[in-house]
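As stored in target_5.tsv (TSV, C-alpha atoms):
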chain	number	residue	atom	x	y	z
P	1	MET	CA	-22.83	-18.60	-27.55
P	2	GLU	CA	-22.08	-16.90	-24.26
P	3	GLU	CA	-18.57	-15.58	-23.74
P	4	HIS	CA	-16.39	-17.47	-21.26
P	5	ILE	CA	-15.95	-15.43	-18.03
P	6	ALA	CA	-12.17	-15.91	-18.05
P	7	VAL	CA	-12.07	-14.20	-21.46
P	8	ARG	CA	-13.79	-11.18	-19.91
P	9	LEU	CA	-10.92	-10.64	-17.45
P	10	ASN	CA	-9.33	-7.28	-18.16
P	11	LYS	CA	-5.91	-8.01	-19.72
P	12	ALA	CA	-4.48	-4.65	-18.62
P	13	ILE	CA	-5.12	-5.54	-14.98
P	14	HIS	CA	-4.76	-9.33	-15.15
P	15	GLN	CA	-1.01	-9.37	-14.63
P	16	LYS	CA	0.64	-9.66	-11.21
P	17	ALA	CA	2.61	-6.37	-11.25
P	18	ARG	CA	-0.25	-4.30	-12.67
P	19	LEU	CA	-2.67	-5.98	-10.29
P	20	GLY	CA	-0.34	-4.94	-7.46
P	21	ILE	CA	-0.17	-1.34	-8.72
P	22	MET	CA	-3.95	-1.11	-9.03
P	23	SER	CA	-4.53	-2.70	-5.61
P	24	ILE	CA	-2.22	-0.21	-3.89
P	25	LEU	CA	-3.77	2.70	-5.74
P	26	MET	CA	-7.25	1.47	-4.81
P	27	ALA	CA	-6.16	1.63	-1.16
P	28	LEU	CA	-4.32	4.96	-1.33
P	29	GLU	CA	-5.81	6.86	-4.29
P	30	GLU	CA	-2.36	8.24	-5.01
P	31	ALA	CA	1.15	6.89	-4.55
P	32	GLU	CA	4.65	7.93	-5.40
P	33	PHE	CA	6.73	6.05	-7.97
P	34	ASN	CA	9.40	5.10	-5.42
P	35	TYR	CA	6.79	3.83	-3.00
P	36	LEU	CA	5.29	1.50	-5.62
P	37	LYS	CA	8.77	0.36	-6.62
P	38	GLU	CA	9.67	-0.43	-3.02
P	39	ARG	CA	6.40	-2.18	-2.15
P	40	LEU	CA	6.16	-4.26	-5.30
P	41	LYS	CA	9.90	-4.94	-5.59
P	42	LEU	CA	10.07	-3.88	-9.22
P	43	THR	CA	12.86	-2.20	-11.16
P	44	ASP	CA	12.48	1.36	-12.47
P	45	GLY	CA	12.13	0.18	-16.07
P	46	ASN	CA	9.69	-2.57	-15.25
P	47	LEU	CA	7.47	-0.33	-13.16
P	48	SER	CA	7.59	2.44	-15.79
P	49	SER	CA	6.40	0.10	-18.54
P	50	HIS	CA	3.50	-1.19	-16.42
P	51	LEU	CA	2.52	2.36	-15.44
P	52	SER	CA	2.64	3.48	-19.07
P	53	LEU	CA	0.27	0.69	-20.06
P	54	LEU	CA	-2.17	1.57	-17.29
P	55	GLU	CA	-1.94	5.24	-18.21
P	56	LYS	CA	-2.63	4.40	-21.87
P	57	GLU	CA	-5.82	2.63	-20.74
P	58	LYS	CA	-6.68	5.79	-18.74
P	59	TYR	CA	-6.75	3.75	-15.51
P	60	ILE	CA	-4.18	5.98	-13.87
P	61	LYS	CA	-2.87	9.53	-14.19
P	62	ILE	CA	0.82	10.24	-13.88
P	63	LYS	CA	1.83	13.63	-12.56
P	64	LYS	CA	5.29	15.03	-12.01
P	65	LYS	CA	5.91	17.68	-9.43
P	66	PHE	CA	8.65	19.15	-7.26
P	67	VAL	CA	8.56	18.71	-3.51
P	68	ARG	CA	11.29	20.66	-1.73
P	69	LYS	CA	13.18	21.03	-5.03
P	70	LYS	CA	13.15	17.26	-5.63
P	71	PRO	CA	11.20	15.73	-8.53
P	72	LYS	CA	8.42	13.34	-7.61
P	73	THR	CA	6.35	11.13	-9.87
P	74	LEU	CA	2.85	10.60	-8.60
P	75	CYS	CA	0.45	7.97	-9.81
P	76	GLN	CA	-3.23	8.49	-9.21
P	77	ILE	CA	-6.07	6.12	-9.93
P	78	THR	CA	-8.84	7.51	-12.17
P	79	ASP	CA	-12.57	6.85	-11.99
P	80	ILE	CA	-12.26	4.68	-15.12
P	81	GLY	CA	-9.47	2.72	-13.40
P	82	ARG	CA	-11.51	2.26	-10.26
P	83	GLN	CA	-14.49	1.02	-12.24
P	84	ALA	CA	-12.32	-1.34	-14.32
P	85	PHE	CA	-10.78	-2.75	-11.16
P	86	GLU	CA	-14.19	-3.34	-9.56
P	87	GLU	CA	-15.39	-5.11	-12.72
P	88	TYR	CA	-12.23	-7.20	-12.71
P	89	LEU	CA	-12.93	-8.21	-9.11
P	90	GLU	CA	-16.52	-9.12	-9.96
P	91	ASN	CA	-15.32	-11.33	-12.80
P	92	LEU	CA	-12.83	-13.05	-10.52
P	93	GLU	CA	-15.64	-13.79	-8.06
P	94	LYS	CA	-17.80	-15.18	-10.88
P	95	ILE	CA	-14.97	-17.51	-11.90
P	96	ILE	CA	-14.57	-18.72	-8.32
P	97	SER	CA	-18.29	-19.32	-7.80
P	98	SER	CA	-18.92	-20.93	-11.20
P	99	LYS	CA	-19.55	-24.68	-11.41
P	100	PRO	CA	-16.61	-26.85	-12.47
S	1	MET	CA	-14.71	-23.85	-15.90
S	2	LYS	CA	-11.17	-25.16	-15.64
S	3	GLU	CA	-9.83	-25.85	-12.18
S	4	ASP	CA	-6.60	-23.90	-12.82
S	5	GLU	CA	-8.59	-20.79	-13.84
S	6	ARG	CA	-10.50	-20.96	-10.58
S	7	ARG	CA	-7.29	-21.42	-8.63
S	8	GLU	CA	-5.67	-18.45	-10.37
S	9	ALA	CA	-8.72	-16.28	-9.66
S	10	LEU	CA	-8.58	-17.26	-6.02
S	11	GLU	CA	-4.86	-16.47	-5.86
S	12	ASN	CA	-5.43	-13.05	-7.41
S	13	ILE	CA	-8.20	-12.21	-4.94
S	14	GLU	CA	-5.91	-13.22	-2.07
S	15	LEU	CA	-3.11	-11.06	-3.50
S	16	ILE	CA	-5.42	-8.05	-3.80
S	17	LYS	CA	-6.73	-8.48	-0.24
S	18	GLU	CA	-3.22	-8.83	1.15
S	19	LEU	CA	-1.86	-5.83	-0.72
S	20	VAL	CA	-4.76	-3.55	0.23
S	21	LEU	CA	-4.56	-4.59	3.89
S	22	GLN	CA	-0.77	-4.31	4.08
S	23	THR	CA	-0.77	-0.93	2.35
S	24	LYS	CA	-3.37	0.50	4.72
S	25	LYS	CA	-1.53	-0.88	7.74
S	26	HIS	CA	1.80	0.41	6.46
S	27	VAL	CA	0.47	3.90	5.84
S	28	ASP	CA	-1.50	4.10	9.08
S	29	SER	CA	1.52	3.39	11.25
S	30	TYR	CA	3.88	5.88	9.56
S	31	GLY	CA	6.56	7.03	11.97
S	32	GLY	CA	4.21	6.06	14.81
S	33	GLY	CA	6.93	4.03	16.51
S	34	ILE	CA	9.45	6.87	16.69
S	35	ILE	CA	6.73	9.30	17.78
S	36	SER	CA	5.71	6.93	20.56
S	37	ILE	CA	9.34	6.74	21.71
S	38	ILE	CA	9.56	10.57	21.68
S	39	TRP	CA	6.53	10.74	24.00
S	40	GLY	CA	8.02	8.03	26.22
S	41	VAL	CA	11.18	10.11	26.63
S	42	PHE	CA	8.91	13.15	27.19
S	43	CYS	CA	7.38	11.38	30.23
S	44	PHE	CA	10.80	10.61	31.75
S	45	VAL	CA	12.22	14.09	31.12
S	46	GLY	CA	9.00	15.74	32.33
S	47	VAL	CA	8.90	13.92	35.66
S	48	ALA	CA	12.66	14.26	36.18
S	49	GLY	CA	12.41	18.01	35.59
S	50	GLN	CA	9.38	18.28	37.86
S	51	ARG	CA	11.18	16.49	40.69
S	52	LEU	CA	14.75	17.73	40.31
S	53	VAL	CA	14.74	21.09	38.58
S	54	ILE	CA	11.39	22.73	39.21
S	55	PRO	CA	9.84	21.06	42.24
S	56	HIS	CA	7.12	23.62	42.97
S	57	GLY	CA	5.40	26.74	41.82
S	58	PRO	CA	4.02	28.12	38.59
S	59	LEU	CA	7.17	27.24	36.63
S	60	MET	CA	5.94	23.65	36.58
S	61	GLY	CA	3.20	24.62	34.14
S	62	VAL	CA	5.73	26.38	31.92
S	63	TRP	CA	8.03	23.33	32.06
S	64	TRP	CA	5.30	20.89	30.94
S	65	THR	CA	3.94	23.27	28.32
S	66	ALA	CA	7.42	23.77	26.84
S	67	LEU	CA	7.92	19.99	26.79
S	68	VAL	CA	4.55	19.38	25.11
S	69	VAL	CA	5.38	21.94	22.41
S	70	ALA	CA	8.85	20.39	21.91
S	71	ALA	CA	7.39	16.86	21.71
S	72	ILE	CA	4.71	17.95	19.20
S	73	PHE	CA	7.36	19.70	17.10
S	74	ALA	CA	9.63	16.62	17.20
S	75	SER	CA	6.67	14.36	16.25
S	76	ILE	CA	5.86	16.52	13.21
S	77	LEU	CA	9.52	16.58	12.18
S	78	VAL	CA	9.82	12.77	12.41
S	79	SER	CA	6.57	12.30	10.54
S	80	GLN	CA	7.78	14.51	7.68
S	81	ARG	CA	11.12	12.70	7.44
S	82	TYR	CA	9.36	9.35	7.20
S	83	HIS	CA	7.40	10.55	4.21
S	84	LYS	CA	10.34	11.08	1.88
S	85	THR	CA	9.70	7.84	0.01
S	86	GLN	CA	6.08	7.42	0.95
S	87	PRO	CA	2.86	8.14	-0.94
S	88	VAL	CA	2.09	11.82	-0.99
S	89	GLY	CA	-1.62	11.17	-0.48
S	90	ALA	CA	-0.86	9.89	2.98
S	91	GLN	CA	1.90	12.34	3.82
S	92	HIS	CA	0.05	14.69	6.10
S	93	ARG	CA	-2.56	12.21	7.19
S	94	TYR	CA	-0.72	11.11	10.26
S	95	ILE	CA	0.08	14.67	11.40
S	96	ARG	CA	-3.50	15.72	10.73
S	97	TYR	CA	-4.94	12.82	12.70
S	98	PHE	CA	-2.40	13.35	15.46
S	99	LEU	CA	-3.23	17.03	15.88
S	100	ARG	CA	-6.98	16.65	15.44
S	101	PHE	CA	-7.12	13.86	17.97
S	102	TRP	CA	-4.69	15.00	20.64
S	103	LEU	CA	-5.22	18.78	20.66
S	104	PRO	CA	-8.73	18.59	22.16
S	105	PHE	CA	-7.39	16.16	24.76
S	106	LEU	CA	-4.53	18.49	25.64
S	107	LEU	CA	-7.03	21.34	25.87
S	108	LEU	CA	-9.16	19.28	28.25
S	109	GLY	CA	-6.06	18.37	30.30
S	110	TYR	CA	-4.92	21.99	30.59
S	111	THR	CA	-8.42	23.17	31.51
S	112	LEU	CA	-8.62	20.63	34.32
S	113	ILE	CA	-5.10	21.54	35.49
S	114	PHE	CA	-6.12	25.20	35.49
S	115	PHE	CA	-9.02	24.45	37.85
S	116	ILE	CA	-6.80	22.31	40.09
S	117	ALA	CA	-4.30	25.18	40.30
S	118	LEU	CA	-7.16	27.54	41.25
S	119	SER	CA	-8.41	25.41	44.10
S	120	PRO	CA	-6.12	25.57	47.15
S	121	SER	CA	-7.61	22.42	48.69
S	122	LEU	CA	-6.23	20.18	45.91
S	123	SER	CA	-2.63	19.01	45.93
S	124	ASN	CA	-0.41	19.69	42.91
S	125	HIS	CA	0.11	15.92	42.70
S	126	TYR	CA	-3.32	15.75	41.06
S	127	ILE	CA	-1.92	17.61	38.07
S	128	SER	CA	-0.03	14.57	36.75
S	129	ILE	CA	-2.95	12.29	37.74
S	130	VAL	CA	-5.45	14.34	35.71
S	131	MET	CA	-3.11	14.67	32.73
S	132	LEU	CA	-2.38	10.95	32.66
S	133	LEU	CA	-6.07	10.04	32.99
S	134	VAL	CA	-6.79	12.27	29.99
S	135	ILE	CA	-3.93	10.67	28.00
S	136	SER	CA	-5.07	7.15	29.00
S	137	THR	CA	-8.58	7.95	27.79
S	138	GLY	CA	-7.06	8.99	24.46
S	139	TYR	CA	-5.22	5.67	24.20
S	140	LEU	CA	-8.36	3.74	25.11
S	141	ILE	CA	-10.28	5.46	22.31
S	142	ILE	CA	-7.48	4.89	19.76
S	143	GLY	CA	-7.25	1.26	20.92
S	144	LEU	CA	-10.97	0.63	20.66
S	145	LEU	CA	-11.41	2.38	17.32
S	146	PHE	CA	-8.19	1.81	15.37
S	147	PHE	CA	-5.32	-0.22	16.80
S	148	ARG	CA	-6.17	-3.01	19.21
S	149	GLY	CA	-2.46	-3.24	20.11
S	150	ILE	CA	-2.55	0.13	21.83
S	151	LEU	CA	-5.54	-0.80	23.99
S	152	TYR	CA	-3.30	-2.39	26.64
S	153	MET	CA	-1.43	0.91	26.99
S	154	GLY	CA	-4.67	2.78	27.73
S	155	SER	CA	-5.96	0.12	30.14
S	156	ILE	CA	-2.71	-0.15	32.11
S	157	GLY	CA	-2.41	3.64	32.15
S	158	TYR	CA	-5.93	4.14	33.39
S	159	VAL	CA	-5.81	1.49	36.13
S	160	GLY	CA	-2.25	2.45	37.09
S	161	THR	CA	-3.14	6.13	37.42
S	162	ILE	CA	-6.15	5.48	39.64
S	163	PHE	CA	-4.19	2.97	41.75
S	164	SER	CA	-1.31	5.44	42.22
S	165	ALA	CA	-3.70	8.29	43.05
S	166	ILE	CA	-5.33	6.22	45.79
S	167	TYR	CA	-2.27	4.53	47.34
S	168	PHE	CA	0.87	6.49	46.37
S	169	LEU	CA	-0.21	10.06	45.70
S	170	GLU	CA	3.14	11.47	46.94
S	171	TYR	CA	5.13	9.41	44.44
S	172	SER	CA	2.49	9.10	41.75
S	173	ASP	CA	4.41	11.31	39.30
S	174	ILE	CA	7.52	9.08	39.51
S	175	ILE	CA	5.49	5.85	39.26
S	176	LEU	CA	3.31	7.09	36.40
S	177	GLY	CA	6.14	8.84	34.55
S	178	SER	CA	8.07	5.55	34.57
S	179	LEU	CA	4.99	3.49	33.68
S	180	PHE	CA	4.02	5.70	30.76
S	181	GLY	CA	7.62	6.27	29.69
S	182	VAL	CA	8.45	2.55	29.53
S	183	GLY	CA	5.02	1.72	28.05
S	184	LEU	CA	5.38	4.27	25.25
S	185	ILE	CA	8.94	3.23	24.43
S	186	ILE	CA	7.93	-0.46	24.26
S	187	THR	CA	4.88	0.44	22.13
S	188	GLY	CA	7.18	2.44	19.83
S	189	LEU	CA	9.57	-0.47	19.42
S	190	VAL	CA	6.69	-2.88	18.69
S	191	ILE	CA	5.15	-0.49	16.10
S	192	ASN	CA	8.56	-0.02	14.44
S	193	LYS	CA	9.05	-3.78	14.18
S	194	GLN	CA	5.53	-4.28	12.73
S	195	TRP	CA	6.03	-1.41	10.27
S	196	LYS	CA	9.28	-2.86	8.95
S	197	ASN	CA	7.62	-6.25	8.48
S	198	THR	CA	4.66	-4.94	6.43
How does the structure come out when it is put into structure tokens?
Amino acid sequence: MEEHIAVRLNKAIHQKARLGIMSILMALEEAEFNYLKERLKLTDGNLSSHLSLLEKEKYIKIKKKFVRKKPKTLCQITDIGRQAFEEYLENLEKIISSKP
Amino acid sequence: MKEDERREALENIELIKELVLQTKKHVDSYGGGIISIIWGVFCFVGVAGQRLVIPHGPLMGVWWTALVVAAIFASILVSQRYHKTQPVGAQHRYIRYFLRFWLPFLLLGYTLIFFIALSPSLSNHYISIVMLLVISTGYLIIGLLFFRGILYMGSIGYVGTIFSAIYFLEYSDIILGSLFGVGLIITGLVINKQWKNT
């Protein structure tokens, strides 16, 4: 029996906050922690946990560096993340175009 | 396929589209408003200095060059300040675009001014006309390629400059300095408002 398309939706991405993070990173390649926090209106802890999950899936890379003596946390989308996001989008489109 | 699954998929696609669009718009207009206001003030100060402080002679070139350098420096400074909480990937994008786009135009403007200064038959009033035509062309290109909102600035600038050159050459610097100054300040305020809303 063929698998239901909705089941194929990537669970790591199929969550509003993580979807937001991935969408922004798809547009920018790389974004700072504070920028994501500000744009997605998330708390530090909440954003950290979502980023950790995405990092565990190897969808993003988290780098820490100092810019003018201030620490910055940078999140960068990986090729695996980009591919996973594109597949996720394709599956969403299949769900939309499927017969009721 | 359940109807609620389809609805959720549709909602997610909309969310992705909105976020990608908003993010691009937000990043593209970084500090653009303040920079536009800086260049608006530059027009006023430039014309005021030309009329009141240094009415004639070679010092006029030095005056405008010093102002251009100061305005570029201020634009870079503002752009860097805006990036404190912004994505690093986009940090130098605006400055890079700004310099890559406007430096060739400034070079063209200065070359034309140089030839005007060399030919005794042409009035010095043509200096501001040529410079503003070059700047208007820049705005027209930016408007046509990237931001439709800025297109009006280029069109008004272009038509206004030609109109002033034909009918009010003596006062063209005052008319055009005010036109560009007010136009740039209004554009800056509009961009700032849009940026805060994205």
Next item on the list: Tell me, as a list of chain:residue names, which residues lie within 12 Å of P:Leu42, counting all atoms listed in the file; anything in the same chain fewer than 2 positions away does not count.
Entry: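 Listed by chain and then number, they are P:Lys16, P:Ala17, P:Arg18, P:Gly20, P:Ile21, P:Phe33, P:Asn34, P:Tyr35, P:Leu36, P:Lys37, P:Glu38, P:Arg39, P:Leu40, P:Asp44, P:Gly45, P:Asn46, P:Leu47, P:Ser48, P:Ser49, P:His50, P:Leu51.
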Checklist line | Radius query 8 Å about (-0.6, 0.7, 0.6), atoms used: all atoms listed in the file, as a list in words | finding: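 Collected hits near the coordinates: Ile24, Leu25, Ala27 and Leu28 of chain P; Leu19, Val20, Leu21, Gln22, Thr23, Lys24, Lys25, His26 and Val27 of chain S.
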Checklist line | Residues within 12 Å of P:Lys63, only C-alpha atoms, excluding chain neighbours under 3 positions, as a list of chain:residue names | finding: P:Glu30, P:Ala31, P:Glu32, P:Phe33, P:Leu51, P:Glu55, P:Ile60, P:Phe66, P:Pro71, P:Lys72, P:Thr73, P:Leu74, P:Cys75, P:Gln76, P:Ile77, S:Val88
Checklist line | Length of the atom CA of S:Ile127 to atom CA of S:Ile72 vector [Å] | finding: 20.0 Å
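The residue that comes closest to P:Leu89, out of S:Leu67, S:Trp102, S:Glu3, S:Lys17 and on the basis of only C-alpha atoms, is S:Lys17.
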Check: Any idea what the distance is between atom CA of P:Leu53 and atom CA of P:Glu90?
Finding: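 Value for the atom CA of P:Leu53-atom CA of P:Glu90 distance: 21.9 Å.
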Margin query: I'd like the interatomic distance between atom CA of P:Glu29 and atom CA of P:Thr78, to a tenth of an Å.
Written below: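 According to the coordinates, atom CA of P:Glu29 and atom CA of P:Thr78 are separated by 8.5 Å.
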Mind checking which residues fall within 12 Å of P:His14, counting only C-alpha atoms, ignoring those fewer than 2 positions away in the same chain, and posting them as a short mmCIF file (atom, residue, chain, number, x, y, z; two decimals) with C-alpha atoms, in the coordinates of the input?
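out_13.cif was written with the following content:
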data_model
loop_
_atom_site.label_atom_id
_atom_site.label_comp_id
_atom_site.auth_asym_id
_atom_site.auth_seq_id
_atom_site.Cartn_x
_atom_site.Cartn_y
_atom_site.Cartn_z
CA ALA P 6 -12.17 -15.91 -18.05
CA VAL P 7 -12.07 -14.20 -21.46
CA ARG P 8 -13.79 -11.18 -19.91
CA LEU P 9 -10.92 -10.64 -17.45
CA ASN P 10 -9.33 -7.28 -18.16
CA LYS P 11 -5.91 -8.01 -19.72
CA ALA P 12 -4.48 -4.65 -18.62
CA LYS P 16 0.64 -9.66 -11.21
CA ALA P 17 2.61 -6.37 -11.25
CA ARG P 18 -0.25 -4.30 -12.67
CA LEU P 19 -2.67 -5.98 -10.29
CA GLY P 20 -0.34 -4.94 -7.46
CA ILE P 21 -0.17 -1.34 -8.72
CA MET P 22 -3.95 -1.11 -9.03
CA SER P 23 -4.53 -2.70 -5.61
CA HIS P 50 3.50 -1.19 -16.42
CA LEU P 54 -2.17 1.57 -17.29
CA ALA P 84 -12.32 -1.34 -14.32
CA PHE P 85 -10.78 -2.75 -11.16
CA GLU P 87 -15.39 -5.11 -12.72
CA TYR P 88 -12.23 -7.20 -12.71
CA LEU P 89 -12.93 -8.21 -9.11
CA ASN P 91 -15.32 -11.33 -12.80
CA LEU P 92 -12.83 -13.05 -10.52
CA GLU S 8 -5.67 -18.45 -10.37
CA ALA S 9 -8.72 -16.28 -9.66
CA GLU S 11 -4.86 -16.47 -5.86
CA ASN S 12 -5.43 -13.05 -7.41
CA ILE S 13 -8.20 -12.21 -4.94
CA LEU S 15 -3.11 -11.06 -3.50
CA ILE S 16 -5.42 -8.05 -3.80
#
For stretch 50-58 of chain P, I'd like the enclosing box, axis-aligned and padded by 3 Å on every side, reported as JSON with centre and edge lengths in Å to one decimal.
{"center_x": -1.6, "center_y": 2.3, "center_z": -18.7, "size_x": 16.2, "size_y": 13.0, "size_z": 12.4}
Item checked: Residue nearest chain P - candidates S:Gly157, S:Ile113, S:Glu14, S:Leu140, atoms counted: all atoms listed in the file ->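 Once distances to chain P are computed over all atoms listed in the file, the minimum belongs to S:Glu14.
With only C-alpha atoms as the basis for measurement, P:Gln15 is the residue among P:Gln83, P:Ser52, P:Gln15, P:Thr43 that approaches chain S most closely.
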Next item on the list: Around the point (6.9, 7.7, 25.5) in the file's coordinates, collect all residues with an atom within 9 Å, using all atoms listed in the file, and return them as a VMD selection string.
Entry: chain S and resid 35 to 44 180 to 188
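Distance check against chain S using all atoms listed in the file: of P:Lys41, P:Lys56, P:Lys69, P:Lys94, the minimum falls on P:Lys94.
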For stretch 12-39 of chain S, write N, CA and C atoms out as a PDB file, in the first residue's frame.
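What ended up in decode_27.pdb:
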ATOM      1  N   ASN S  12       0.785  26.631   5.193  1.00  0.00           N
ATOM      2  CA  ASN S  12       2.250  26.571   5.318  1.00  0.00           C
ATOM      3  C   ASN S  12       2.938  27.169   4.100  1.00  0.00           C
ATOM      4  N   ILE S  13       2.397  26.891   2.926  1.00  0.00           N
ATOM      5  CA  ILE S  13       2.984  27.466   1.704  1.00  0.00           C
ATOM      6  C   ILE S  13       2.881  28.985   1.742  1.00  0.00           C
ATOM      7  N   GLU S  14       1.724  29.477   2.182  1.00  0.00           N
ATOM      8  CA  GLU S  14       1.534  30.932   2.291  1.00  0.00           C
ATOM      9  C   GLU S  14       2.529  31.541   3.270  1.00  0.00           C
ATOM     10  N   LEU S  15       2.718  30.851   4.402  1.00  0.00           N
ATOM     11  CA  LEU S  15       3.651  31.331   5.433  1.00  0.00           C
ATOM     12  C   LEU S  15       5.078  31.399   4.876  1.00  0.00           C
ATOM     13  N   ILE S  16       5.468  30.360   4.155  1.00  0.00           N
ATOM     14  CA  ILE S  16       6.820  30.327   3.571  1.00  0.00           C
ATOM     15  C   ILE S  16       6.995  31.483   2.587  1.00  0.00           C
ATOM     16  N   LYS S  17       6.010  31.641   1.700  1.00  0.00           N
ATOM     17  CA  LYS S  17       6.086  32.718   0.685  1.00  0.00           C
ATOM     18  C   LYS S  17       6.222  34.070   1.361  1.00  0.00           C
ATOM     19  N   GLU S  18       5.380  34.295   2.374  1.00  0.00           N
ATOM     20  CA  GLU S  18       5.367  35.579   3.065  1.00  0.00           C
ATOM     21  C   GLU S  18       6.702  35.842   3.764  1.00  0.00           C
ATOM     22  N   LEU S  19       7.200  34.817   4.448  1.00  0.00           N
ATOM     23  CA  LEU S  19       8.467  34.992   5.174  1.00  0.00           C
ATOM     24  C   LEU S  19       9.642  35.260   4.242  1.00  0.00           C
ATOM     25  N   VAL S  20       9.696  34.514   3.131  1.00  0.00           N
ATOM     26  CA  VAL S  20      10.805  34.693   2.179  1.00  0.00           C
ATOM     27  C   VAL S  20      10.742  36.096   1.571  1.00  0.00           C
ATOM     28  N   LEU S  21       9.528  36.497   1.171  1.00  0.00           N
ATOM     29  CA  LEU S  21       9.363  37.828   0.564  1.00  0.00           C
ATOM     30  C   LEU S  21       9.705  38.939   1.535  1.00  0.00           C
ATOM     31  N   GLN S  22       9.145  38.830   2.751  1.00  0.00           N
ATOM     32  CA  GLN S  22       9.384  39.864   3.775  1.00  0.00           C
ATOM     33  C   GLN S  22      10.858  39.953   4.126  1.00  0.00           C
ATOM     34  N   THR S  23      11.508  38.802   4.247  1.00  0.00           N
ATOM     35  CA  THR S  23      12.924  38.789   4.620  1.00  0.00           C
ATOM     36  C   THR S  23      13.757  39.476   3.547  1.00  0.00           C
ATOM     37  N   LYS S  24      13.478  39.149   2.296  1.00  0.00           N
ATOM     38  CA  LYS S  24      14.248  39.761   1.196  1.00  0.00           C
ATOM     39  C   LYS S  24      14.039  41.267   1.162  1.00  0.00           C
ATOM     40  N   LYS S  25      12.772  41.665   1.350  1.00  0.00           N
ATOM     41  CA  LYS S  25      12.437  43.088   1.326  1.00  0.00           C
ATOM     42  C   LYS S  25      13.127  43.808   2.492  1.00  0.00           C
ATOM     43  N   HIS S  26      13.072  43.191   3.647  1.00  0.00           N
ATOM     44  CA  HIS S  26      13.655  43.761   4.857  1.00  0.00           C
ATOM     45  C   HIS S  26      15.159  43.969   4.702  1.00  0.00           C
ATOM     46  N   VAL S  27      15.815  42.959   4.160  1.00  0.00           N
ATOM     47  CA  VAL S  27      17.268  43.018   3.999  1.00  0.00           C
ATOM     48  C   VAL S  27      17.655  44.014   2.903  1.00  0.00           C
ATOM     49  N   ASP S  28      16.891  44.013   1.823  1.00  0.00           N
ATOM     50  CA  ASP S  28      17.231  44.886   0.696  1.00  0.00           C
ATOM     51  C   ASP S  28      17.134  46.367   1.035  1.00  0.00           C
ATOM     52  N   SER S  29      16.270  46.699   1.988  1.00  0.00           N
ATOM     53  CA  SER S  29      16.112  48.139   2.269  1.00  0.00           C
ATOM     54  C   SER S  29      16.824  48.563   3.550  1.00  0.00           C
ATOM     55  N   TYR S  30      17.844  47.790   3.964  1.00  0.00           N
ATOM     56  CA  TYR S  30      18.610  48.143   5.157  1.00  0.00           C
ATOM     57  C   TYR S  30      19.118  49.565   5.165  1.00  0.00           C
ATOM     58  N   GLY S  31      18.751  50.337   6.144  1.00  0.00           N
ATOM     59  CA  GLY S  31      19.324  51.668   6.311  1.00  0.00           C
ATOM     60  C   GLY S  31      19.120  52.578   5.111  1.00  0.00           C
ATOM     61  N   GLY S  32      18.388  52.088   4.111  1.00  0.00           N
ATOM     62  CA  GLY S  32      18.207  52.864   2.879  1.00  0.00           C
ATOM     63  C   GLY S  32      17.513  54.190   3.129  1.00  0.00           C
ATOM     64  N   GLY S  33      16.587  54.191   4.099  1.00  0.00           N
ATOM     65  CA  GLY S  33      15.837  55.398   4.416  1.00  0.00           C
ATOM     66  C   GLY S  33      16.742  56.497   4.934  1.00  0.00           C
ATOM     67  N   ILE S  34      17.575  56.139   5.921  1.00  0.00           N
ATOM     68  CA  ILE S  34      18.473  57.137   6.526  1.00  0.00           C
ATOM     69  C   ILE S  34      19.473  57.618   5.464  1.00  0.00           C
ATOM     70  N   ILE S  35      19.950  56.684   4.650  1.00  0.00           N
ATOM     71  CA  ILE S  35      20.935  57.056   3.623  1.00  0.00           C
ATOM     72  C   ILE S  35      20.306  58.037   2.627  1.00  0.00           C
ATOM     73  N   SER S  36      19.048  57.777   2.283  1.00  0.00           N
ATOM     74  CA  SER S  36      18.350  58.672   1.366  1.00  0.00           C
ATOM     75  C   SER S  36      18.222  60.072   1.990  1.00  0.00           C
ATOM     76  N   ILE S  37      17.934  60.118   3.284  1.00  0.00           N
ATOM     77  CA  ILE S  37      17.808  61.412   3.975  1.00  0.00           C
ATOM     78  C   ILE S  37      19.173  62.133   3.979  1.00  0.00           C
ATOM     79  N   ILE S  38      20.245  61.371   4.194  1.00  0.00           N
ATOM     80  CA  ILE S  38      21.597  61.968   4.179  1.00  0.00           C
ATOM     81  C   ILE S  38      21.849  62.654   2.828  1.00  0.00           C
ATOM     82  N   TRP S  39      21.475  61.955   1.741  1.00  0.00           N
ATOM     83  CA  TRP S  39      21.709  62.527   0.403  1.00  0.00           C
ATOM     84  C   TRP S  39      20.767  63.698   0.103  1.00  0.00           C
TER      85      TRP S  39
END
